[in-house]
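Chemist: Coordinates in final-v1.txt, compact mmCIF, C-alpha atoms, are listed below.
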# COMPACT_ATOMS: atom_id res chain seq x y z
CA MET A 1 -95.67 87.56 35.92
CA GLN A 2 -95.45 91.35 36.17
CA ARG A 3 -96.77 93.48 33.31
CA SER A 4 -93.32 94.96 32.64
CA ALA A 5 -91.76 91.48 32.41
CA ILE A 6 -94.50 90.25 30.08
CA LYS A 7 -94.00 93.30 27.86
CA ALA A 8 -90.23 92.80 27.72
CA TRP A 9 -90.51 89.09 26.81
CA PHE A 10 -93.28 89.84 24.31
CA VAL A 11 -91.12 92.41 22.52
CA VAL A 12 -88.14 90.01 22.48
CA HIS A 13 -90.32 87.19 21.10
CA LYS A 14 -91.96 89.40 18.49
CA TRP A 15 -88.77 90.89 17.06
CA THR A 16 -86.52 87.82 17.21
CA SER A 17 -89.28 85.82 15.50
CA LEU A 18 -90.05 88.45 12.90
CA VAL A 19 -86.44 88.89 11.85
CA CYS A 20 -85.76 85.16 11.43
CA THR A 21 -89.15 83.76 10.32
CA LEU A 22 -88.74 84.12 6.55
CA PHE A 23 -85.25 82.63 6.66
CA LEU A 24 -86.47 79.87 8.98
CA LEU A 25 -89.25 79.09 6.49
CA LEU A 26 -86.61 78.86 3.77
CA LEU A 27 -84.49 76.58 5.98
CA CYS A 28 -87.44 74.32 6.84
CA LEU A 29 -88.60 74.06 3.23
CA THR A 30 -85.15 73.41 1.74
CA GLY A 31 -84.26 71.14 4.67
CA LEU A 32 -87.20 68.83 3.95
CA PRO A 33 -85.77 67.26 0.75
CA LEU A 34 -82.25 67.38 2.19
CA ILE A 35 -83.37 65.02 5.00
CA PHE A 36 -83.99 62.41 2.30
CA GLY A 37 -80.93 63.36 0.24
CA HIS A 38 -79.54 59.81 0.30
CA GLU A 39 -82.85 58.27 -0.83
CA ILE A 40 -83.40 60.94 -3.50
CA GLY A 41 -79.82 60.38 -4.67
CA HIS A 42 -80.55 56.67 -5.13
CA LEU A 43 -83.75 57.42 -7.06
CA THR A 44 -82.15 59.97 -9.37
CA GLY A 45 -78.90 58.06 -9.88
CA ALA A 46 -76.81 60.78 -8.20
CA ASP A 47 -76.02 58.29 -5.44
CA PRO A 48 -75.67 55.04 -7.41
CA GLU A 49 -76.44 51.72 -5.78
CA ILE A 50 -73.99 48.99 -6.65
CA PRO A 51 -74.01 45.45 -5.28
CA ALA A 52 -71.71 44.51 -2.42
CA ALA A 53 -68.34 43.09 -3.39
CA PRO A 54 -67.60 39.41 -2.61
CA ALA A 55 -65.87 38.94 0.75
CA ASP A 56 -62.68 37.72 -0.92
CA ALA A 57 -62.62 40.48 -3.55
CA ARG A 58 -59.24 42.12 -4.04
CA ILE A 59 -59.44 45.90 -3.54
CA ARG A 60 -57.73 47.85 -6.34
CA ASN A 61 -54.60 49.82 -5.47
CA LEU A 62 -55.44 53.41 -4.46
CA ASP A 63 -52.68 54.99 -6.54
CA ALA A 64 -54.12 53.28 -9.61
CA GLN A 65 -57.59 54.54 -8.64
CA VAL A 66 -56.32 58.13 -8.44
CA GLN A 67 -54.61 57.79 -11.82
CA THR A 68 -57.87 56.50 -13.34
CA ALA A 69 -59.72 59.50 -11.91
CA LEU A 70 -57.14 61.96 -13.26
CA GLN A 71 -57.48 60.48 -16.74
CA HIS A 72 -61.05 61.81 -16.72
CA PHE A 73 -59.88 65.32 -15.85
CA PRO A 74 -56.44 65.81 -17.44
CA GLY A 75 -54.44 68.62 -15.87
CA ASN A 76 -56.24 68.35 -12.53
CA VAL A 77 -54.61 67.36 -9.24
CA PRO A 78 -56.12 65.00 -6.65
CA LEU A 79 -57.68 66.74 -3.60
CA PHE A 80 -59.60 64.17 -1.59
CA VAL A 81 -60.47 60.51 -1.80
CA GLY A 82 -63.20 58.95 0.32
CA TRP A 83 -65.14 55.74 0.73
CA ASP A 84 -68.80 54.76 0.90
CA PRO A 85 -68.99 52.65 4.10
CA ASP A 86 -71.92 50.62 2.73
CA ALA A 87 -70.81 49.86 -0.84
CA PRO A 88 -67.64 49.08 -2.82
CA LEU A 89 -67.54 52.68 -3.97
CA MET A 90 -65.07 55.51 -3.58
CA TYR A 91 -64.83 59.07 -4.81
CA VAL A 92 -61.81 61.03 -6.00
CA ASN A 93 -62.21 64.81 -5.87
CA THR A 94 -59.93 66.67 -8.24
CA GLY A 95 -59.35 70.30 -9.11
CA ALA A 96 -57.17 72.65 -11.10
CA ARG A 97 -55.19 73.60 -7.95
CA SER A 98 -54.68 71.97 -4.57
CA ASP A 99 -56.81 74.69 -2.91
CA THR A 100 -59.74 74.43 -5.34
CA PRO A 101 -62.97 75.29 -3.46
CA ALA A 102 -65.76 72.68 -3.33
CA PRO A 103 -68.04 74.33 -5.92
CA GLN A 104 -65.26 74.04 -8.54
CA MET A 105 -64.15 70.47 -7.73
CA GLN A 106 -64.62 67.66 -10.23
CA THR A 107 -65.38 64.22 -8.89
CA VAL A 108 -65.02 60.70 -10.22
CA LEU A 109 -66.84 57.77 -8.58
CA LEU A 110 -65.01 54.46 -8.88
CA ASN A 111 -65.72 50.86 -8.05
CA THR A 112 -63.17 49.97 -5.35
CA VAL A 113 -62.68 46.46 -6.77
CA SER A 114 -62.80 46.81 -10.56
CA GLY A 115 -61.70 50.45 -10.75
CA GLU A 116 -64.44 51.13 -13.28
CA GLN A 117 -65.96 54.59 -13.26
CA VAL A 118 -69.48 54.59 -11.82
CA PRO A 119 -71.58 57.06 -13.82
CA ALA A 120 -73.00 59.77 -11.56
CA PRO A 121 -73.56 63.51 -11.81
CA GLN A 122 -71.12 65.86 -10.06
CA PHE A 123 -71.92 66.41 -6.38
CA ASN A 124 -71.81 70.18 -6.91
CA GLU A 125 -74.49 70.29 -9.61
CA GLY A 126 -78.23 69.66 -9.81
CA VAL A 127 -81.32 70.46 -7.79
CA MET A 128 -80.15 68.91 -4.51
CA TYR A 129 -76.90 70.89 -4.58
CA PHE A 130 -78.91 74.05 -5.33
CA LEU A 131 -81.15 73.35 -2.31
CA TYR A 132 -78.11 72.55 -0.17
CA ARG A 133 -76.43 75.88 -1.01
CA LEU A 134 -79.70 77.74 -0.45
CA HIS A 135 -80.05 75.99 2.91
CA THR A 136 -76.50 76.59 4.11
CA ASP A 137 -75.14 79.87 2.72
CA LEU A 138 -77.61 81.39 0.23
CA PHE A 139 -74.81 81.07 -2.38
CA LEU A 140 -72.88 83.78 -0.51
CA GLY A 141 -70.07 81.66 0.94
CA LEU A 142 -68.84 82.43 4.45
CA PRO A 143 -70.88 85.66 4.89
CA GLY A 144 -74.02 83.71 3.96
CA LEU A 145 -73.11 80.89 6.35
CA LEU A 146 -72.58 83.29 9.24
CA PHE A 147 -75.79 85.14 8.42
CA MET A 148 -77.77 81.89 8.52
CA GLY A 149 -76.01 81.04 11.79
CA ALA A 150 -77.20 84.37 13.23
CA MET A 151 -80.74 83.53 12.10
CA GLY A 152 -80.41 80.19 13.89
CA LEU A 153 -79.40 81.94 17.10
CA LEU A 154 -82.33 84.37 16.79
CA PHE A 155 -84.58 81.32 16.37
CA VAL A 156 -83.24 79.90 19.65
CA VAL A 157 -83.96 83.22 21.43
CA ALA A 158 -87.45 83.24 19.88
CA ILE A 159 -88.08 79.71 21.21
CA VAL A 160 -86.90 80.58 24.73
CA SER A 161 -88.93 83.83 24.86
CA GLY A 162 -91.93 81.97 23.44
CA LEU A 163 -91.62 79.40 26.22
CA VAL A 164 -91.56 82.15 28.85
CA LEU A 165 -94.76 83.67 27.39
CA TYR A 166 -96.37 80.21 27.17
CA GLY A 167 -96.47 80.12 31.00
CA PRO A 168 -98.94 82.96 31.61
CA PHE A 169 -100.98 81.99 28.51
CA MET A 170 -101.47 78.43 29.74
CA ARG A 171 -101.76 79.09 33.45
CA LYS A 172 -105.51 78.39 33.42
CA GLN A 173 -105.54 75.91 30.56
CA ARG A 174 -104.81 72.21 30.28
CA PHE A 175 -101.84 71.18 28.17
CA GLY A 176 -102.89 70.65 24.58
CA THR A 177 -105.87 73.00 24.68
CA LEU A 178 -106.99 73.84 21.14
CA ARG A 179 -110.07 76.09 20.92
CA THR A 180 -111.14 76.27 17.30
CA GLY A 181 -114.81 77.28 17.75
CA ARG A 182 -114.34 80.81 19.06
CA SER A 183 -112.31 83.44 17.25
CA ARG A 184 -109.98 82.53 14.40
CA ARG A 185 -107.16 84.36 16.16
CA LEU A 186 -107.61 82.26 19.34
CA ALA A 187 -107.53 79.06 17.26
CA TRP A 188 -104.23 80.08 15.63
CA LEU A 189 -102.83 81.20 18.98
CA ASP A 190 -103.64 77.82 20.59
CA LEU A 191 -102.20 76.00 17.56
CA HIS A 192 -99.02 78.11 17.80
CA ASN A 193 -98.71 77.30 21.52
CA VAL A 194 -99.44 73.56 21.25
CA ILE A 195 -97.13 72.87 18.30
CA GLY A 196 -94.49 75.24 19.63
CA ILE A 197 -94.27 73.26 22.87
CA ILE A 198 -94.34 69.84 21.15
CA THR A 199 -91.43 70.83 18.89
CA LEU A 200 -89.63 72.78 21.66
CA GLY A 201 -86.76 70.38 22.44
CA TRP A 202 -86.27 69.24 18.85
CA ALA A 203 -86.32 72.78 17.42
CA LEU A 204 -83.91 74.03 20.11
CA VAL A 205 -81.37 71.32 19.29
CA VAL A 206 -81.78 71.56 15.50
CA GLY A 207 -81.59 75.38 15.64
CA LEU A 208 -78.56 75.42 17.90
CA THR A 209 -76.66 72.69 16.01
CA GLY A 210 -77.51 74.43 12.73
CA ALA A 211 -75.94 77.63 14.07
CA ILE A 212 -72.87 75.65 15.21
CA ASN A 213 -72.57 74.03 11.76
CA THR A 214 -72.36 77.45 10.13
CA LEU A 215 -69.10 77.91 12.04
CA ALA A 216 -67.54 74.84 10.38
CA LYS A 217 -65.23 76.80 8.12
CA PRO A 218 -63.80 79.16 10.80
CA LEU A 219 -63.49 76.24 13.25
CA GLU A 220 -61.66 74.09 10.68
CA GLN A 221 -59.35 77.01 9.95
CA ALA A 222 -58.69 77.49 13.68
CA TRP A 223 -57.89 73.78 13.95
CA GLN A 224 -55.58 74.02 10.95
CA THR A 225 -53.75 76.99 12.41
CA GLN A 226 -53.48 75.73 15.98
CA GLN A 227 -53.04 71.99 15.92
CA LEU A 228 -51.95 71.11 12.41
CA GLY A 229 -49.84 74.29 12.30
CA GLU A 230 -47.73 72.80 15.08
CA PHE A 231 -46.79 69.86 12.84
CA ALA A 232 -46.48 72.04 9.76
CA ALA A 233 -43.97 74.23 11.64
CA ARG A 234 -41.51 71.32 11.52
CA TYR A 235 -41.49 71.73 7.74
CA ALA A 236 -41.05 75.51 7.77
CA GLY A 237 -38.86 76.69 4.89
CA GLN A 238 -39.09 73.39 3.05
CA PRO A 239 -40.55 73.47 -0.46
CA LYS A 240 -43.89 71.78 -1.05
CA PRO A 241 -43.44 68.18 -2.17
CA THR A 242 -43.59 67.75 -5.93
CA GLN A 243 -43.43 63.96 -5.95
CA LEU A 244 -45.94 62.39 -3.56
CA ALA A 245 -45.39 59.11 -1.72
CA SER A 246 -47.77 56.23 -2.44
CA LEU A 247 -51.33 56.95 -1.28
CA GLN A 248 -51.92 53.22 -0.78
CA ALA A 249 -48.89 53.00 1.51
CA ALA A 250 -50.07 56.10 3.42
CA VAL A 251 -53.50 54.56 4.02
CA ASP A 252 -51.93 51.23 5.01
CA THR A 253 -49.72 53.04 7.54
CA ALA A 254 -52.77 54.83 8.97
CA ARG A 255 -54.67 51.55 9.22
CA ALA A 256 -51.78 50.00 11.11
CA ALA A 257 -51.69 53.00 13.46
CA GLU A 258 -55.44 52.83 14.15
CA PRO A 259 -56.30 49.13 13.72
CA ASP A 260 -59.81 49.46 15.20
CA MET A 261 -60.84 52.17 12.75
CA ARG A 262 -61.37 52.43 8.99
CA PRO A 263 -60.37 55.26 6.66
CA ALA A 264 -63.25 57.65 5.89
CA PHE A 265 -61.40 60.05 3.62
CA VAL A 266 -57.92 61.29 2.78
CA SER A 267 -56.93 64.89 2.18
CA PHE A 268 -53.99 65.60 -0.12
CA PRO A 269 -51.34 68.20 0.80
CA GLY A 270 -52.44 71.79 0.24
CA THR A 271 -56.19 71.17 0.49
CA GLY A 272 -56.45 72.91 3.86
CA TYR A 273 -57.05 69.77 5.89
CA SER A 274 -53.53 68.50 6.50
CA GLY A 275 -51.03 71.25 5.78
CA ASP A 276 -48.76 71.42 2.73
CA HIS A 277 -46.59 68.39 3.55
CA HIS A 278 -49.00 65.69 4.68
CA TYR A 279 -51.66 63.34 3.65
CA GLY A 280 -54.43 63.54 6.25
CA VAL A 281 -55.96 60.09 6.61
CA PHE A 282 -59.17 60.63 8.55
CA MET A 283 -60.11 57.43 10.35
CA GLN A 284 -63.59 56.65 11.69
CA GLY A 285 -65.18 54.05 13.98
CA ASP A 286 -68.23 51.98 13.11
CA SER A 287 -70.77 53.08 15.76
CA PRO A 288 -73.19 55.98 15.12
CA VAL A 289 -71.03 58.25 17.32
CA THR A 290 -67.51 57.08 16.45
CA GLU A 291 -68.14 57.09 12.71
CA ARG A 292 -68.51 60.87 13.00
CA LEU A 293 -65.60 61.53 15.36
CA TYR A 294 -62.72 61.40 12.92
CA ARG A 295 -59.20 60.64 14.07
CA PRO A 296 -56.70 62.28 11.72
CA VAL A 297 -53.49 60.42 10.98
CA LEU A 298 -50.86 62.64 9.37
CA ILE A 299 -48.56 60.91 6.92
CA ASP A 300 -45.53 62.70 5.46
CA ALA A 301 -46.44 63.10 1.80
CA GLN A 302 -42.83 62.79 0.64
CA THR A 303 -41.48 59.94 2.77
CA GLY A 304 -44.72 58.13 3.63
CA ALA A 305 -43.75 58.09 7.32
CA LEU A 306 -46.30 58.58 10.07
CA THR A 307 -45.91 62.07 11.56
CA ALA A 308 -48.69 62.30 14.15
CA GLN A 309 -52.13 61.16 15.30
CA PRO A 310 -53.48 64.36 16.86
CA GLN A 311 -56.61 64.26 19.02
CA LEU A 312 -59.41 66.43 17.71
CA PRO A 313 -59.83 69.55 19.87
CA THR A 314 -63.09 69.87 21.83
CA TYR A 315 -64.56 72.47 19.46
CA MET A 316 -64.09 70.12 16.49
CA THR A 317 -65.72 67.29 18.44
CA VAL A 318 -68.70 69.57 19.20
CA LEU A 319 -68.87 70.52 15.52
CA LEU A 320 -68.76 66.91 14.31
CA LEU A 321 -71.43 65.83 16.80
CA SER A 322 -73.61 68.81 15.84
CA GLN A 323 -73.84 67.61 12.26
CA PRO A 324 -75.92 64.44 12.77
CA LEU A 325 -78.07 66.17 15.40
CA HIS A 326 -78.94 68.76 12.76
CA PHE A 327 -79.33 66.43 9.76
CA GLY A 328 -81.23 63.61 11.55
CA ASP A 329 -79.49 61.03 9.37
CA TYR A 330 -78.37 58.67 12.11
CA GLY A 331 -81.52 56.70 12.97
CA LYS A 332 -82.40 55.12 9.62
CA LEU A 333 -85.49 55.88 7.53
CA PRO A 334 -88.08 55.97 10.39
CA LEU A 335 -86.14 58.74 12.16
CA LYS A 336 -85.83 60.65 8.87
CA ILE A 337 -89.62 60.46 8.40
CA LEU A 338 -90.21 61.65 11.99
CA TRP A 339 -87.60 64.40 11.42
CA ALA A 340 -89.57 65.54 8.36
CA LEU A 341 -92.82 65.55 10.38
CA MET A 342 -91.19 67.68 13.10
CA ASP A 343 -89.96 69.98 10.31
CA LEU A 344 -93.54 70.29 8.99
CA LEU A 345 -94.81 71.07 12.50
CA THR A 346 -92.14 73.78 12.79
CA ILE A 347 -93.37 75.26 9.51
CA ALA A 348 -96.85 75.35 11.08
CA VAL A 349 -95.45 77.23 14.11
CA LEU A 350 -93.80 79.78 11.79
CA ILE A 351 -96.92 80.29 9.67
CA SER A 352 -99.19 80.57 12.72
CA GLY A 353 -96.75 83.08 14.22
CA LEU A 354 -96.88 85.14 11.03
CA TYR A 355 -100.70 85.00 11.05
CA LEU A 356 -100.76 86.20 14.67
CA TRP A 357 -98.45 89.07 13.74
CA PHE A 358 -100.62 90.10 10.77
CA LYS A 359 -103.70 90.03 13.02
CA ARG A 360 -101.89 91.88 15.79
CA GLY A 361 -103.22 94.83 17.69
CA SER A 362 -100.92 97.12 19.60
CA THR A 363 -98.26 95.71 21.89
CA ALA A 364 -100.34 97.00 24.82
CA THR A 365 -103.35 94.96 23.61
CA ARG A 366 -101.30 91.78 23.34
CA VAL A 367 -99.67 92.30 26.74
CA ALA A 368 -103.13 92.86 28.24
CA GLU A 369 -104.28 89.62 26.56
CA ILE A 370 -101.44 87.68 28.20
CA GLU A 371 -102.17 89.32 31.56
CA ARG A 372 -105.84 88.34 31.30
CA ALA A 373 -104.91 84.78 30.39
CA GLN A 374 -103.01 84.48 33.67
CA THR A 375 -106.19 84.95 35.64
CA GLN A 376 -109.03 83.92 33.34
CA GLU A 377 -109.79 82.08 30.16
CA VAL A 378 -109.12 84.08 26.97
CA ALA A 379 -112.36 84.85 25.16
CA MET B 1 -103.67 74.01 38.75
CA LYS B 2 -100.22 72.55 38.06
CA SER B 3 -97.42 74.67 36.64
CA PRO B 4 -97.83 75.17 32.88
CA PHE B 5 -94.13 74.42 32.48
CA ILE B 6 -94.36 70.77 33.59
CA ALA B 7 -95.43 69.49 30.15
CA PRO B 8 -92.77 71.50 28.27
CA ALA B 9 -90.12 70.21 30.68
CA TRP B 10 -91.09 66.57 30.08
CA ILE B 11 -91.35 67.10 26.33
CA THR B 12 -87.91 68.70 26.19
CA LEU B 13 -86.37 65.93 28.29
CA ALA B 14 -87.98 63.24 26.13
CA SER B 15 -86.83 65.02 22.95
CA LEU B 16 -83.24 65.14 24.20
CA ILE B 17 -83.34 61.42 25.05
CA GLY B 18 -84.81 60.71 21.61
CA LEU B 19 -82.17 62.79 19.87
CA VAL B 20 -79.22 61.28 21.71
CA SER B 21 -80.43 57.68 21.82
CA ALA B 22 -80.07 56.89 18.10
CA LEU B 23 -76.65 58.51 18.18
CA LEU B 24 -75.42 56.10 20.85
CA GLY B 25 -76.17 52.87 19.02
CA ASP B 26 -78.36 50.90 16.66
CA GLY B 27 -81.26 48.52 17.28
CA LEU B 28 -82.86 49.31 20.63
CA PHE B 29 -81.31 52.79 20.67
CA ASP B 30 -82.94 53.57 17.30
CA LEU B 31 -86.23 52.17 18.56
CA VAL B 32 -86.20 54.50 21.59
CA SER B 33 -85.77 57.49 19.26
CA TRP B 34 -88.57 56.35 16.97
CA VAL B 35 -90.98 55.76 19.90
CA ILE B 36 -90.25 59.15 21.49
CA PHE B 37 -90.67 61.17 18.30
CA SER B 38 -93.77 59.17 17.31
CA GLY B 39 -95.11 60.04 20.78
CA LEU B 40 -94.52 63.75 20.17
CA ILE B 41 -96.36 63.60 16.84
CA ALA B 42 -99.14 61.66 18.60
CA LEU B 43 -99.45 64.47 21.17
CA PHE B 44 -100.31 66.89 18.38
CA VAL B 45 -102.74 64.45 16.75
CA ARG B 46 -104.44 63.94 20.15
CA ALA B 47 -104.73 67.71 20.72
CA TRP B 48 -106.26 68.11 17.25
CA ILE B 49 -108.77 65.27 17.72
CA LYS B 50 -109.78 66.60 21.15
CA ARG B 51 -110.00 70.23 20.03
CA ASP B 52 -112.80 72.31 21.52
CA ARG B 53 -115.07 73.36 18.64
CA ARG B 54 -117.56 75.26 20.82
If you took the structure in this file and wrote it as structure tokens, what would it be?

Modeler:
Amino acid sequence: MQRSAIKAWFVVHKWTSLVCTLFLLLLCLTGLPLIFGHEIGHLTGADPEIPAAPADARIRNLDAQVQTALQHFPGNVPLFVGWDPDAPLMYVNTGARSDTPAPQMQTVLLNTVSGEQVPAPQFNEGVMYFLYRLHTDLFLGLPGLLFMGAMGLLFVVAIVSGLVLYGPFMRKQRFGTLRTGRSRRLAWLDLHNVIGIITLGWALVVGLTGAINTLAKPLEQAWQTQQLGEFAARYAGQPKPTQLASLQAAVDTARAAEPDMRPAFVSFPGTGYSGDHHYGVFMQGDSPVTERLYRPVLIDAQTGALTAQPQLPTYMTVLLLSQPLHFGDYGKLPLKILWALMDLLTIAVLISGLYLWFKRGSTATRVAEIERAQTQEVA
Amino acid sequence: MKSPFIAPAWITLASLIGLVSALLGDGLFDLVSWVIFSGLIALFVRAWIKRDRR
């Protein structure tokens, strides 16, 4: 590689890495407990474990469930209901207004059979929620999300430029060379190269999908405007419904429309997921892929009639598939443990990169070092 | 000497297979993911054990 090319890639790698490293360290550290969020939730009681219901158990009417939830928060309106696919458990999110943002929602967990409230802390409180907000938006809302997305993209550029520089460094070395007996700087450099390459594919995908996930809000809004707006236009000029049709009937209608799927969650009118005149019954499959690719079924919230079953647009499909690839929550506990180990290795790459920057010489010295490595072993 | 990019190319390909596999199904698909990512961790452990201390 020519000296000018090495210098250009070196400068790109140095600055993209430097700008994003501290934020990446924050993401890796806060991401570590989030990988095990489900398990930690079980241990702390935030995610209660209740025994499976008997096969012939009669599921309580959904309208009664919502009424029970509202009794706990008088004056609130229902926003979302959703089901735990592995337990007879459902949540009812409520809020003061139909457009209440997530941090201000109040949730009730209910047994789907008995209708009893299952004691659990609010999802938007506690240490795990603090770590989640720190990980996703730094408590800054959309600007924070987009900022973290930009850091994710810088991370991807840093990985690609690092890979380009890996070539000349390793031209005369075997893969996996780790020389710890010479200078401390060479040991850290080899460690940075070895771990950087081992985590290359994983870090690229996790970084890229993390950046895509930060676009969730704008993408959902685009979907609302484009696709759901088309159905909402049929109701233009009509007042918002004051008396809602039966939720149970709406879910039954959706089940009949998508008999091979199960309801994952329902959005109430005005929540931003199904316009002002519809229940959005979001159906899911039961395979690792199809349980994430929701199929919305829009039910008229006043008449209970089925309005539409729109296909998700491609960008929403990409978004929904990006989520598991970022969270690593789709391959059971062994994959979560391996995910955490890859996360720890990435932390090692970041720290070794920082060490190399602190022990840097001039850019010219580093470029000369890479040039030498192309033709001879680094001393 | 072989191109230094051969190992990164294989590692990236294996990582992508490992990432997608568990998403496609359970059982054997999960197992493929676990084996691939265990292999990647093992690569680091091997490099550390075989490090040149001279």

Chemist: Can you pull out every residue within 12 Å of B:Trp10, counting all atoms listed in the file, but drop anything in the same chain fewer than 6 positions away, and send it as a PDB file with C-alpha atoms, in the coordinates of the input?

Modeler:
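Here's the written file part-v9.pdb:
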ATOM      1  CA  PHE A 175    -101.840  71.180  28.170  1.00  0.00           C
ATOM      2  CA  ILE A 197     -94.270  73.260  22.870  1.00  0.00           C
ATOM      3  CA  ILE A 198     -94.340  69.840  21.150  1.00  0.00           C
ATOM      4  CA  THR A 199     -91.430  70.830  18.890  1.00  0.00           C
ATOM      5  CA  LEU A 200     -89.630  72.780  21.660  1.00  0.00           C
ATOM      6  CA  GLY A 201     -86.760  70.380  22.440  1.00  0.00           C
TER       7      GLY A 201
ATOM      8  CA  PRO B   4     -97.830  75.170  32.880  1.00  0.00           C
ATOM      9  CA  LEU B  16     -83.240  65.140  24.200  1.00  0.00           C
ATOM     10  CA  ILE B  17     -83.340  61.420  25.050  1.00  0.00           C
ATOM     11  CA  ILE B  36     -90.250  59.150  21.490  1.00  0.00           C
ATOM     12  CA  LEU B  40     -94.520  63.750  20.170  1.00  0.00           C
TER      13      LEU B  40
END

Chemist: What are the nearest atom pairs, with distances in Å to one decimal, for all residues of chain B that come at most 6 Å from chain A, using only C-alpha atoms, set out by chain and rising residue number as JSON lines?

Modeler:
{"residue": "B:Pro4", "atom": "CA", "partner": "A:Gly167", "partner_atom": "CA", "distance": 5.5}
{"residue": "B:Pro8", "atom": "CA", "partner": "A:Ile197", "partner_atom": "CA", "distance": 5.9}
{"residue": "B:Thr12", "atom": "CA", "partner": "A:Gly201", "partner_atom": "CA", "distance": 4.3}
{"residue": "B:Ser15", "atom": "CA", "partner": "A:Gly201", "partner_atom": "CA", "distance": 5.4}
{"residue": "B:Ala22", "atom": "CA", "partner": "A:Gly331", "partner_atom": "CA", "distance": 5.3}
{"residue": "B:Leu23", "atom": "CA", "partner": "A:Pro288", "partner_atom": "CA", "distance": 5.3}
{"residue": "B:Gly25", "atom": "CA", "partner": "A:Pro288", "partner_atom": "CA", "distance": 5.8}
{"residue": "B:Asp30", "atom": "CA", "partner": "A:Gly331", "partner_atom": "CA", "distance": 5.5}
{"residue": "B:Trp34", "atom": "CA", "partner": "A:Leu335", "partner_atom": "CA", "distance": 5.9}
{"residue": "B:Ala47", "atom": "CA", "partner": "A:Gly176", "partner_atom": "CA", "distance": 5.2}
{"residue": "B:Arg51", "atom": "CA", "partner": "A:Leu178", "partner_atom": "CA", "distance": 4.8}
{"residue": "B:Asp52", "atom": "CA", "partner": "A:Arg179", "partner_atom": "CA", "distance": 4.7}
{"residue": "B:Arg53", "atom": "CA", "partner": "A:Gly181", "partner_atom": "CA", "distance": 4.0}
{"residue": "B:Arg54", "atom": "CA", "partner": "A:Gly181", "partner_atom": "CA", "distance": 4.6}

Chemist: Filtering to C-alpha atoms, could you give me those residues as a PDB file, in the coordinates of the input?

Modeler:
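Dumped to again.pdb:
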ATOM      1  CA  PRO B   4     -97.830  75.170  32.880  1.00  0.00           C
ATOM      2  CA  PRO B   8     -92.770  71.500  28.270  1.00  0.00           C
ATOM      3  CA  THR B  12     -87.910  68.700  26.190  1.00  0.00           C
ATOM      4  CA  SER B  15     -86.830  65.020  22.950  1.00  0.00           C
ATOM      5  CA  ALA B  22     -80.070  56.890  18.100  1.00  0.00           C
ATOM      6  CA  LEU B  23     -76.650  58.510  18.180  1.00  0.00           C
ATOM      7  CA  GLY B  25     -76.170  52.870  19.020  1.00  0.00           C
ATOM      8  CA  ASP B  30     -82.940  53.570  17.300  1.00  0.00           C
ATOM      9  CA  TRP B  34     -88.570  56.350  16.970  1.00  0.00           C
ATOM     10  CA  ALA B  47    -104.730  67.710  20.720  1.00  0.00           C
ATOM     11  CA  ARG B  51    -110.000  70.230  20.030  1.00  0.00           C
ATOM     12  CA  ASP B  52    -112.800  72.310  21.520  1.00  0.00           C
ATOM     13  CA  ARG B  53    -115.070  73.360  18.640  1.00  0.00           C
ATOM     14  CA  ARG B  54    -117.560  75.260  20.820  1.00  0.00           C
TER      15      ARG B  54
END

Chemist: Please identify all polymer residues within 6 Å of stretch 118-133 of chain A, counting all atoms listed in the file, omitting same-chain residues fewer than 4 positions from it, and present them as a PDB file with C-alpha atoms, in the frame of the given file.

Modeler:
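File out.pdb, as written:
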ATOM      1  CA  THR A  30     -85.150  73.410   1.740  1.00  0.00           C
ATOM      2  CA  ALA A  46     -76.810  60.780  -8.200  1.00  0.00           C
ATOM      3  CA  PRO A 103     -68.040  74.330  -5.920  1.00  0.00           C
ATOM      4  CA  LEU A 109     -66.840  57.770  -8.580  1.00  0.00           C
ATOM      5  CA  LEU A 110     -65.010  54.460  -8.880  1.00  0.00           C
ATOM      6  CA  ASP A 137     -75.140  79.870   2.720  1.00  0.00           C
ATOM      7  CA  LEU A 138     -77.610  81.390   0.230  1.00  0.00           C
ATOM      8  CA  PHE A 139     -74.810  81.070  -2.380  1.00  0.00           C
TER       9      PHE A 139
END

Chemist: Would you mind reading off the distance between atom CA of A:Val281 and atom CA of A:Pro296, one decimal, in Å?

Modeler: 5.6 Å

Chemist: Using only C-alpha atoms, determine which residues lie at most 6 Å from stretch 301-315 of chain A, disregarding the query and same-chain residues fewer than 5 positions distant; provide the list as a count of residues only.

Modeler: 7

Chemist: Suppose you want the space between atom CA of A:Val367 and atom CA of A:Gly152; what is it in Å?

Modeler: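 Those two atoms sit 26.1 Å apart.
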
Chemist: What does the distance between atom CA of A:Arg295 and atom CA of A:Ser274 come to in Å, to one decimal place?

Modeler: 12.3 Å

Chemist: Using all atoms listed in the file, pick whichever of A:Val266, A:Leu27, A:Met90, A:Leu32 has the shortest atom-to-atom distance to A:Asn111.

Modeler: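 Distance minimum relative to A:Asn111 lands on A:Met90.
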
Chemist: Up to 8 Å from (-70.9, 53.4, -1.8) in the file's coordinates: name the residues, counting all atoms listed in the file, as a list of chain:residue names.

Modeler: A:Asp47, A:Pro48, A:Glu49, A:Ile50, A:Trp83, A:Asp84, A:Pro85, A:Asp86, A:Ala87, A:Pro88, A:Leu89, A:Met90

Chemist: Of the candidates A:Asp276, A:Trp223, A:Gln2, A:Arg185, which shows the shortest atom-to-atom distance to A:Gly237, using all atoms listed in the file?

Modeler: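 Between A:Asp276, A:Trp223, A:Gln2, A:Arg185, the residue approaching A:Gly237 most closely is A:Asp276.
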
Chemist: Please provide the set of residues having any atom within 12 Å of A:Phe147, restricted to only C-alpha atoms, with same-chain residues fewer than 5 positions apart removed, written as a list in words.

Modeler: Val19, Cys20, Phe23, Leu24, His135, Thr136, Asp137, Leu138, Phe139, Leu140, Gly141, Leu142, Gly152, Leu153, Leu154, Gly210, Ala211, Thr214 and Leu215 of chain A
